[in-house]
>>> print(open('entry31.txt').read())   # compact mmCIF, C-alpha atoms
# COMPACT_ATOMS: atom_id res chain seq x y z
CA MET A 11 -160.26 -17.43 -107.55
CA ALA A 12 -158.52 -20.51 -106.11
CA HIS A 13 -155.28 -18.58 -105.64
CA ILE A 14 -157.24 -16.16 -103.42
CA LEU A 15 -159.87 -18.26 -101.64
CA GLY A 16 -158.29 -21.73 -101.80
CA LEU A 17 -156.95 -23.35 -98.65
CA ASN A 18 -153.45 -22.21 -99.57
CA GLY A 19 -154.73 -19.01 -101.18
CA HIS A 20 -153.88 -15.42 -100.37
CA LEU A 21 -156.81 -14.91 -98.00
CA TRP A 22 -155.84 -17.77 -95.69
CA GLN A 23 -152.17 -16.83 -95.94
CA PHE A 24 -153.06 -13.32 -94.80
CA CYS A 25 -154.94 -14.77 -91.82
CA GLU A 26 -152.01 -17.05 -90.97
CA ASN A 27 -149.24 -14.49 -91.38
CA TYR A 28 -150.92 -11.39 -89.95
CA VAL A 29 -154.33 -11.76 -88.30
CA TYR A 30 -153.67 -14.88 -86.20
CA ARG A 31 -149.91 -15.04 -86.04
CA ILE A 32 -148.63 -15.82 -82.53
CA PRO A 33 -145.13 -16.15 -81.01
CA GLU A 34 -143.60 -19.56 -81.63
CA PRO A 35 -141.56 -21.66 -79.21
CA PRO A 36 -137.90 -22.30 -80.09
CA PRO A 37 -137.23 -25.33 -82.30
CA ARG A 38 -136.41 -28.60 -80.60
CA THR A 39 -133.38 -30.72 -81.38
CA ARG A 40 -133.18 -34.49 -81.59
CA GLU A 41 -132.33 -35.78 -78.11
CA ARG A 42 -132.31 -39.49 -78.96
CA PRO A 43 -132.98 -41.52 -82.09
CA MET A 44 -136.52 -41.99 -83.31
CA GLU A 45 -137.36 -45.64 -82.67
CA VAL A 46 -141.07 -46.30 -83.23
CA LEU A 47 -143.60 -44.98 -85.77
CA CYS A 48 -147.20 -46.04 -85.00
CA VAL A 49 -148.99 -45.11 -88.20
CA GLY A 50 -152.54 -46.42 -87.72
CA LEU A 51 -155.48 -44.04 -88.13
CA SER A 52 -157.33 -42.50 -85.18
CA ARG A 53 -159.49 -44.78 -83.03
CA SER A 54 -157.30 -47.78 -83.86
CA GLY A 55 -156.12 -48.53 -80.35
CA THR A 56 -153.99 -45.41 -80.29
CA GLU A 57 -154.61 -44.51 -76.64
CA SER A 58 -153.88 -48.05 -75.44
CA LEU A 59 -150.79 -48.31 -77.61
CA ALA A 60 -149.54 -44.91 -76.46
CA ARG A 61 -149.93 -45.98 -72.82
CA ALA A 62 -148.12 -49.24 -73.59
CA LEU A 63 -145.21 -47.36 -75.17
CA ASP A 64 -145.00 -45.17 -72.07
CA ILE A 65 -144.78 -48.28 -69.90
CA LEU A 66 -142.02 -49.63 -72.14
CA GLY A 67 -140.01 -46.46 -71.54
CA TYR A 68 -140.62 -44.49 -74.75
CA THR A 69 -141.32 -40.77 -74.91
CA THR A 70 -144.30 -40.59 -77.23
CA TYR A 71 -145.53 -37.70 -79.37
CA HIS A 72 -149.30 -38.16 -79.65
CA GLY A 73 -151.87 -36.58 -81.93
CA TRP A 74 -153.34 -34.89 -78.86
CA ASP A 75 -150.11 -32.94 -78.50
CA LEU A 76 -151.14 -30.96 -81.58
CA LEU A 77 -154.10 -29.66 -79.56
CA LEU A 78 -152.85 -29.65 -75.98
CA GLU A 79 -149.16 -28.80 -76.13
CA GLU A 80 -148.24 -25.44 -74.59
CA PRO A 81 -147.05 -23.34 -76.23
CA THR A 82 -148.69 -24.63 -79.36
CA ARG A 83 -146.50 -25.70 -82.28
CA SER A 84 -149.34 -25.56 -84.81
CA GLN A 85 -147.58 -22.99 -86.99
CA GLY A 86 -144.51 -25.20 -87.28
CA TRP A 87 -146.59 -28.23 -88.23
CA MET A 88 -148.44 -26.11 -90.77
CA ARG A 89 -145.15 -25.33 -92.49
CA LEU A 90 -144.42 -29.05 -92.70
CA ILE A 91 -147.83 -29.77 -94.23
CA LYS A 92 -147.34 -27.06 -96.84
CA LYS A 93 -143.87 -28.35 -97.60
CA LYS A 94 -145.35 -31.83 -98.09
CA TYR A 95 -148.03 -30.68 -100.53
CA TYR A 96 -146.77 -27.38 -101.93
CA GLY A 97 -143.00 -27.56 -101.53
CA ALA A 98 -140.64 -26.90 -104.40
CA PRO A 99 -139.49 -29.94 -106.41
CA GLY A 100 -136.53 -31.56 -104.70
CA ASP A 101 -137.24 -29.81 -101.39
CA GLU A 102 -138.47 -32.88 -99.50
CA LEU A 103 -139.17 -33.04 -95.82
CA ARG A 104 -136.07 -33.94 -93.79
CA ALA A 105 -135.42 -35.30 -90.34
CA ALA A 106 -134.45 -31.82 -89.13
CA ASP A 107 -137.93 -30.56 -90.05
CA PHE A 108 -139.59 -33.12 -87.77
CA ASP A 109 -136.93 -32.87 -85.08
CA ALA A 110 -137.72 -29.18 -84.68
CA GLU A 111 -141.26 -30.09 -83.61
CA MET A 112 -140.82 -33.41 -81.75
CA GLY A 113 -137.11 -33.90 -81.21
CA HIS A 114 -137.71 -34.84 -77.57
CA ALA A 115 -139.74 -37.94 -78.55
CA ASN A 116 -138.48 -41.32 -79.71
CA ALA A 117 -141.93 -42.65 -80.62
CA VAL A 118 -144.81 -41.02 -82.49
CA ILE A 119 -148.42 -42.12 -82.74
CA GLU A 120 -151.74 -41.06 -84.21
CA LYS A 121 -152.30 -37.92 -86.29
CA VAL A 122 -148.73 -36.80 -87.02
CA ALA A 123 -147.66 -40.42 -87.56
CA TYR A 124 -150.33 -41.40 -90.06
CA PHE A 125 -150.45 -38.05 -91.84
CA PHE A 126 -146.69 -38.02 -92.49
CA ALA A 127 -146.20 -41.80 -92.53
CA PRO A 128 -144.21 -42.08 -95.81
CA GLU A 129 -142.05 -39.08 -94.95
CA LEU A 130 -141.35 -40.24 -91.39
CA ALA A 131 -140.43 -43.74 -92.57
CA ALA A 132 -138.03 -42.20 -95.10
CA VAL A 133 -136.27 -39.72 -92.79
CA TYR A 134 -136.04 -42.16 -89.86
CA PRO A 135 -134.94 -45.33 -91.68
CA GLU A 136 -133.92 -47.14 -88.48
CA ALA A 137 -137.29 -46.65 -86.78
CA LYS A 138 -139.63 -49.63 -86.58
CA VAL A 139 -143.15 -49.19 -87.94
CA VAL A 140 -146.29 -50.41 -86.19
CA LEU A 141 -149.51 -50.45 -88.20
CA ASN A 142 -152.08 -50.41 -85.40
CA ARG A 143 -155.44 -51.20 -86.92
CA ARG A 144 -159.01 -52.29 -86.24
CA SER A 145 -160.25 -55.57 -87.70
CA ASP A 146 -163.92 -54.51 -87.58
CA LEU A 147 -164.32 -51.37 -89.66
CA ASP A 148 -167.98 -50.99 -88.77
CA LYS A 149 -167.05 -50.63 -85.10
CA TRP A 150 -164.21 -48.29 -86.04
CA SER A 151 -166.59 -46.07 -88.04
CA ARG A 152 -169.10 -45.92 -85.17
CA SER A 153 -166.29 -45.10 -82.76
CA MET A 154 -165.17 -42.21 -84.97
CA GLU A 155 -168.71 -40.84 -85.22
CA ASN A 156 -169.21 -41.06 -81.46
CA THR A 157 -165.94 -39.35 -80.46
CA VAL A 158 -163.96 -37.51 -83.14
CA VAL A 159 -166.89 -36.18 -85.17
CA PRO A 160 -168.56 -34.30 -82.29
CA LEU A 161 -165.30 -32.45 -81.60
CA THR A 162 -164.60 -31.54 -85.21
CA GLU A 163 -168.18 -30.36 -85.79
CA ASN A 164 -168.53 -28.52 -82.47
CA TRP A 165 -169.88 -25.06 -83.32
CA LEU A 166 -168.22 -23.55 -80.23
CA PHE A 167 -164.85 -24.82 -81.47
CA TYR A 168 -165.51 -23.26 -84.87
CA LEU A 169 -166.77 -19.97 -83.44
CA ALA A 170 -163.91 -19.71 -80.94
CA SER A 171 -161.41 -20.23 -83.77
CA TRP A 172 -162.31 -16.78 -85.13
CA PHE A 173 -161.84 -14.99 -81.81
CA ASP A 174 -158.76 -16.67 -80.32
CA ALA A 175 -155.48 -17.10 -82.19
CA ARG A 176 -154.48 -20.34 -80.48
CA THR A 177 -157.88 -21.90 -81.21
CA PHE A 178 -157.70 -20.64 -84.78
CA TRP A 179 -154.50 -22.59 -85.30
CA SER A 180 -155.92 -25.73 -83.69
CA TYR A 181 -158.98 -25.64 -85.94
CA HIS A 182 -157.13 -24.53 -89.05
CA LEU A 183 -154.40 -27.17 -88.76
CA ASN A 184 -156.41 -30.13 -87.51
CA ILE A 185 -159.76 -29.66 -89.25
CA ARG A 186 -159.25 -27.68 -92.45
CA TRP A 187 -155.87 -29.16 -93.36
CA MET A 188 -155.17 -32.51 -91.71
CA ALA A 189 -158.72 -33.89 -91.61
CA GLY A 190 -159.48 -32.48 -95.04
CA PHE A 191 -156.48 -34.09 -96.71
CA THR A 192 -156.77 -37.35 -94.76
CA TRP A 193 -160.42 -37.94 -95.64
CA ARG A 194 -160.02 -36.71 -99.21
CA ASN A 195 -162.51 -33.84 -99.21
CA PRO A 196 -161.88 -30.68 -97.16
CA ALA A 197 -165.37 -29.26 -97.85
CA ASP A 198 -167.42 -32.29 -96.85
CA GLY A 199 -167.18 -32.30 -93.07
CA LEU A 200 -165.89 -35.34 -91.22
CA LYS A 201 -169.22 -37.08 -90.72
CA ARG A 202 -170.09 -37.06 -94.41
CA SER A 203 -166.54 -37.96 -95.35
CA LEU A 204 -166.55 -40.96 -93.01
CA ARG A 205 -169.89 -42.20 -94.24
CA GLY A 206 -169.02 -41.66 -97.88
CA ARG A 207 -165.45 -42.89 -98.01
CA GLY A 208 -164.17 -43.59 -94.49
CA LYS A 209 -163.71 -47.35 -94.81
CA TRP A 210 -162.15 -46.96 -98.23
CA VAL A 211 -159.67 -44.42 -96.85
CA TYR A 212 -158.88 -46.78 -93.96
CA ARG A 213 -158.14 -49.71 -96.28
CA ASP A 214 -156.22 -47.48 -98.68
CA HIS A 215 -154.03 -46.17 -95.85
CA CYS A 216 -153.28 -49.67 -94.57
CA ASN A 217 -152.46 -50.87 -98.09
CA MET A 218 -150.17 -47.88 -98.62
CA ILE A 219 -148.26 -48.69 -95.44
CA LYS A 220 -147.94 -52.39 -96.30
CA GLY A 221 -146.84 -51.53 -99.83
CA THR A 222 -144.26 -49.00 -98.64
CA ILE A 223 -142.64 -50.54 -95.56
CA PRO A 224 -140.54 -53.73 -95.90
CA PRO A 225 -142.11 -56.66 -94.01
CA GLU A 226 -139.13 -57.04 -91.69
CA ARG A 227 -139.59 -53.46 -90.54
CA LEU A 228 -143.38 -53.60 -90.09
CA LEU A 229 -145.69 -55.03 -87.43
CA GLU A 230 -149.42 -55.23 -88.08
CA TRP A 231 -151.01 -55.10 -84.65
CA THR A 232 -154.37 -54.81 -82.88
CA VAL A 233 -155.14 -54.16 -79.23
CA ASP A 234 -156.27 -57.78 -78.89
CA ASP A 235 -152.69 -58.88 -79.67
CA GLY A 236 -151.51 -57.33 -76.41
CA TRP A 237 -147.92 -57.30 -75.19
CA GLY A 238 -146.50 -60.39 -76.92
CA PRO A 239 -146.08 -59.44 -80.59
CA LEU A 240 -145.39 -55.79 -79.72
CA CYS A 241 -142.59 -56.50 -77.24
CA GLU A 242 -141.03 -59.13 -79.48
CA PHE A 243 -141.02 -56.70 -82.41
CA LEU A 244 -139.54 -53.86 -80.35
CA GLY A 245 -137.03 -56.07 -78.55
CA LYS A 246 -138.47 -55.35 -75.11
CA GLU A 247 -139.25 -57.56 -72.13
CA ILE A 248 -142.95 -58.09 -71.47
CA PRO A 249 -143.90 -55.91 -68.48
CA ASN A 250 -145.19 -57.57 -65.35
CA GLU A 251 -148.61 -55.96 -65.68
CA PRO A 252 -151.69 -56.38 -67.89
CA PHE A 253 -151.74 -54.68 -71.24
CA PRO A 254 -153.48 -51.29 -70.83
CA HIS A 255 -156.91 -51.15 -72.46
CA VAL A 256 -157.67 -47.45 -72.54
CA ASN A 257 -160.50 -45.45 -74.04
CA SER A 258 -162.67 -48.29 -75.31
CA ALA A 259 -165.76 -46.25 -74.44
CA GLY A 260 -164.26 -42.93 -75.49
CA THR A 261 -163.98 -41.60 -71.94
CA GLU A 262 -160.29 -40.74 -72.27
CA PHE A 263 -161.04 -38.96 -75.54
CA GLU A 264 -163.86 -36.96 -73.93
CA THR A 265 -161.61 -35.93 -71.03
CA LYS A 266 -158.90 -34.64 -73.35
CA ALA A 267 -161.44 -32.98 -75.66
CA ALA A 268 -162.93 -31.10 -72.70
CA ARG A 269 -159.46 -30.05 -71.59
CA PHE A 270 -158.69 -28.76 -75.06
CA MET A 271 -161.96 -26.85 -75.38
CA SER A 272 -161.25 -25.03 -72.13
CA LEU A 273 -157.87 -23.74 -73.36
CA GLY A 274 -159.07 -21.06 -75.74
CA MET A 275 -162.64 -20.45 -74.65
CA ARG A 276 -161.84 -17.77 -72.08
CA ASN A 277 -159.82 -15.68 -74.53
CA ALA A 278 -162.33 -16.32 -77.30
CA THR A 279 -165.23 -15.24 -75.09
CA ARG A 280 -163.40 -12.09 -74.01
CA ASN A 281 -162.48 -11.18 -77.58
CA PHE A 282 -165.98 -11.91 -78.81
CA LEU A 283 -167.42 -9.57 -76.18
CA ILE A 284 -164.92 -6.86 -77.09
CA VAL A 285 -165.93 -7.10 -80.76
CA ALA A 286 -169.61 -7.14 -79.83
CA ALA A 287 -169.13 -4.14 -77.54
CA THR A 288 -167.25 -2.25 -80.21
CA LEU A 289 -169.94 -2.91 -82.81
CA THR A 290 -172.69 -2.02 -80.34
CA SER A 291 -170.92 1.21 -79.48
CA ALA A 292 -170.47 2.02 -83.15
CA VAL A 293 -174.19 1.51 -83.78
CA TYR A 294 -175.00 3.62 -80.73
CA ALA A 295 -172.74 6.40 -81.99
CA TRP A 296 -174.29 6.26 -85.45
CA LEU A 297 -177.78 6.51 -83.98
CA GLN A 298 -176.73 9.51 -81.90
CA ILE A 299 -175.38 11.23 -85.00
CA GLU A 300 -178.46 10.37 -87.05
CA ASN A 301 -180.80 11.68 -84.37
CA GLY A 302 -178.97 14.88 -83.50
CA GLY A 303 -176.59 15.62 -86.32
CA LEU A 304 -172.82 15.42 -86.30
CA ALA A 305 -172.46 18.39 -83.98
CA ALA A 306 -174.71 16.76 -81.41
CA PHE A 307 -172.33 13.83 -81.08
CA SER A 308 -170.21 15.55 -78.47
CA LEU A 309 -167.42 14.38 -76.23
CA GLN A 310 -170.08 13.53 -73.68
CA HIS A 311 -171.70 11.13 -76.13
CA PHE A 312 -168.31 9.61 -76.94
CA ASP A 313 -167.67 8.99 -73.25
CA SER A 314 -171.08 7.42 -73.01
CA CYS A 315 -170.16 5.02 -75.83
CA LEU A 316 -167.00 4.01 -74.04
CA THR A 317 -168.92 3.45 -70.81
CA HIS A 318 -171.45 1.35 -72.71
CA ALA A 319 -168.66 -0.80 -74.24
CA LYS A 320 -166.92 -1.29 -70.88
CA GLY A 321 -170.19 -2.35 -69.34
CA ILE A 322 -170.71 -5.06 -71.95
CA VAL A 323 -167.16 -6.41 -71.63
CA GLY A 324 -167.27 -6.23 -67.86
CA TYR A 325 -164.33 -3.91 -67.25
>>> encode(input="entry31.txt", output="structure tokens")
Amino acid sequence: MAHILGLNGHLWQFCENYVYRIPEPPPRTRERPMEVLCVGLSRSGTESLARALDILGYTTYHGWDLLLEEPTRSQGWMRLIKKKYYGAPGDELRAADFDAEMGHANAVIEKVAYFFAPELAAVYPEAKVVLNRRSDLDKWSRSMENTVVPLTENWLFYLASWFDARTFWSYHLNIRWMAGFTWRNPADGLKRSLRGRGKWVYRDHCNMIKGTIPPERLLEWTVDDGWGPLCEFLGKEIPNEPFPHVNSAGTEFETKAARFMSLGMRNATRNFLIVAATLTSAVYAWLQIENGGLAAFSLQHFDSCLTHAKGIVGY
């Protein structure tokens, strides 16, 4: 049954290729060399570091872009994930694959960076690698539960993903695939995964990065380190302004999460009402037939069904 119901099974492939397929934007091309890969996990100073990179003049591709970018490139990123895990032997991910999705950026941070960290380091060998991390994993875990978990386990997000194609791709890519593979158990839900193995995954990820990247190419960094080590590593002058401390209370995260939730809710609500109206009309028609026989269900009754459906939808 796995080949049918599994995450890469026929059922999900049918949903991806037919039910929820949407037009894709044209592929990007590499505009300038990739320079910085910030591969720390979420809630590891990513917002502050992203703002710092902006100040230093980098164009940064952030994990939020997976959710907020218009038009969405979720289908393209999905192909990269499947190539990573299900690609044919010898068909490794290449720079052109990533350039097609983020060729405008010369720095990448958060979800894309940590999920594809080994591949990005291999295809962009000149890029410097920053392992942004948290020294207190208890605080990191609480931060994840207070910000990321409520979004991933939001029932409106899940429900909307069935009634709006764009929201489907956001949920399917970020929750079923990326969160599932990152936290080692797609079926567990993020809260249980974090509590059961979150700190282990965090340490394992950091050890993987330190064991993969040569020391001269790697900077281990925390927000408390500020401008000094970061600018020295990147070969930049220290800006004449304080280091940006963003999102310590999760407010920036909440703002972006609310913005994301608003993107697909209108379409999802409309489509939900259309489905509900159609089902209601079908039940109404069936009751008319049952009560008066097939002949009694006349054109007048059919028009009445349509009027009933339009009234529910609001047209």
>>> axis_aligned_box(input="entry31.txt", around="range 87-100 of chain A", padding_each_side="6 Å", output="lines of an AutoDock Vina configuration file")
center_x = -142.5
center_y = -28.6
center_z = -97.3
size_x = 23.9
size_y = 18.5
size_z = 30.2
>>> residues_around(input="entry31.txt", residues="His182 in chain A", least_positions_apart="5", cutoff="10 Å", atoms="only C-alpha atoms", output="PyMOL selection string")
chain A and resi 17+22+26+84-85+88+168+171+176-177+187-189
>>> closest_residue(input="entry31.txt", among="A:Thr265, A:Thr222, A:Asn281, A:Thr232", to="Thr56 in chain A", atoms="all atoms listed in the file")
A:Thr232
>>> closest_residue(input="entry31.txt", among="A:Phe24, A:Trp179, A:Tyr30, A:Phe108", to="Leu77 in chain A", atoms="only C-alpha atoms")
A:Trp179
>>> closest_residue(input="entry31.txt", among="A:Ala115, A:Leu240, A:Val49, A:Ala295", to="Val139 in chain A", atoms="all atoms listed in the file")
A:Val49
>>> closest_residue(input="entry31.txt", among="A:Phe191, A:Ala137, A:Gly206, A:Arg269", to="Pro224 in chain A", atoms="all atoms listed in the file")
A:Ala137
>>> closest_atom_pairs(input="entry31.txt", of="range 109-177 of chain A", to="range 282-285 of chain A", cutoff="12 Å", atoms="all atoms listed in the file", output="tab-separated table")
residue	atom	partner	partner_atom	distance
A:Leu166	CA	A:Phe282	CA	11.9
A:Leu169	CA	A:Phe282	CA	9.3
A:Ala170	CA	A:Phe282	CA	8.3
A:Ser171	CA	A:Phe282	CA	10.7
A:Trp172	CA	A:Phe282	CA	8.8
A:Phe173	CA	A:Phe282	CA	6.0
A:Asp174	CA	A:Phe282	CA	8.8
>>> write_last_selection(input="entry31.txt", atoms="C-alpha atoms", output="PDB file, in the frame of the given file")
ATOM      1  CA  LEU A 166    -168.220 -23.550 -80.230  1.00  0.00           C
ATOM      2  CA  LEU A 169    -166.770 -19.970 -83.440  1.00  0.00           C
ATOM      3  CA  ALA A 170    -163.910 -19.710 -80.940  1.00  0.00           C
ATOM      4  CA  SER A 171    -161.410 -20.230 -83.770  1.00  0.00           C
ATOM      5  CA  TRP A 172    -162.310 -16.780 -85.130  1.00  0.00           C
ATOM      6  CA  PHE A 173    -161.840 -14.990 -81.810  1.00  0.00           C
ATOM      7  CA  ASP A 174    -158.760 -16.670 -80.320  1.00  0.00           C
TER       8      ASP A 174
END
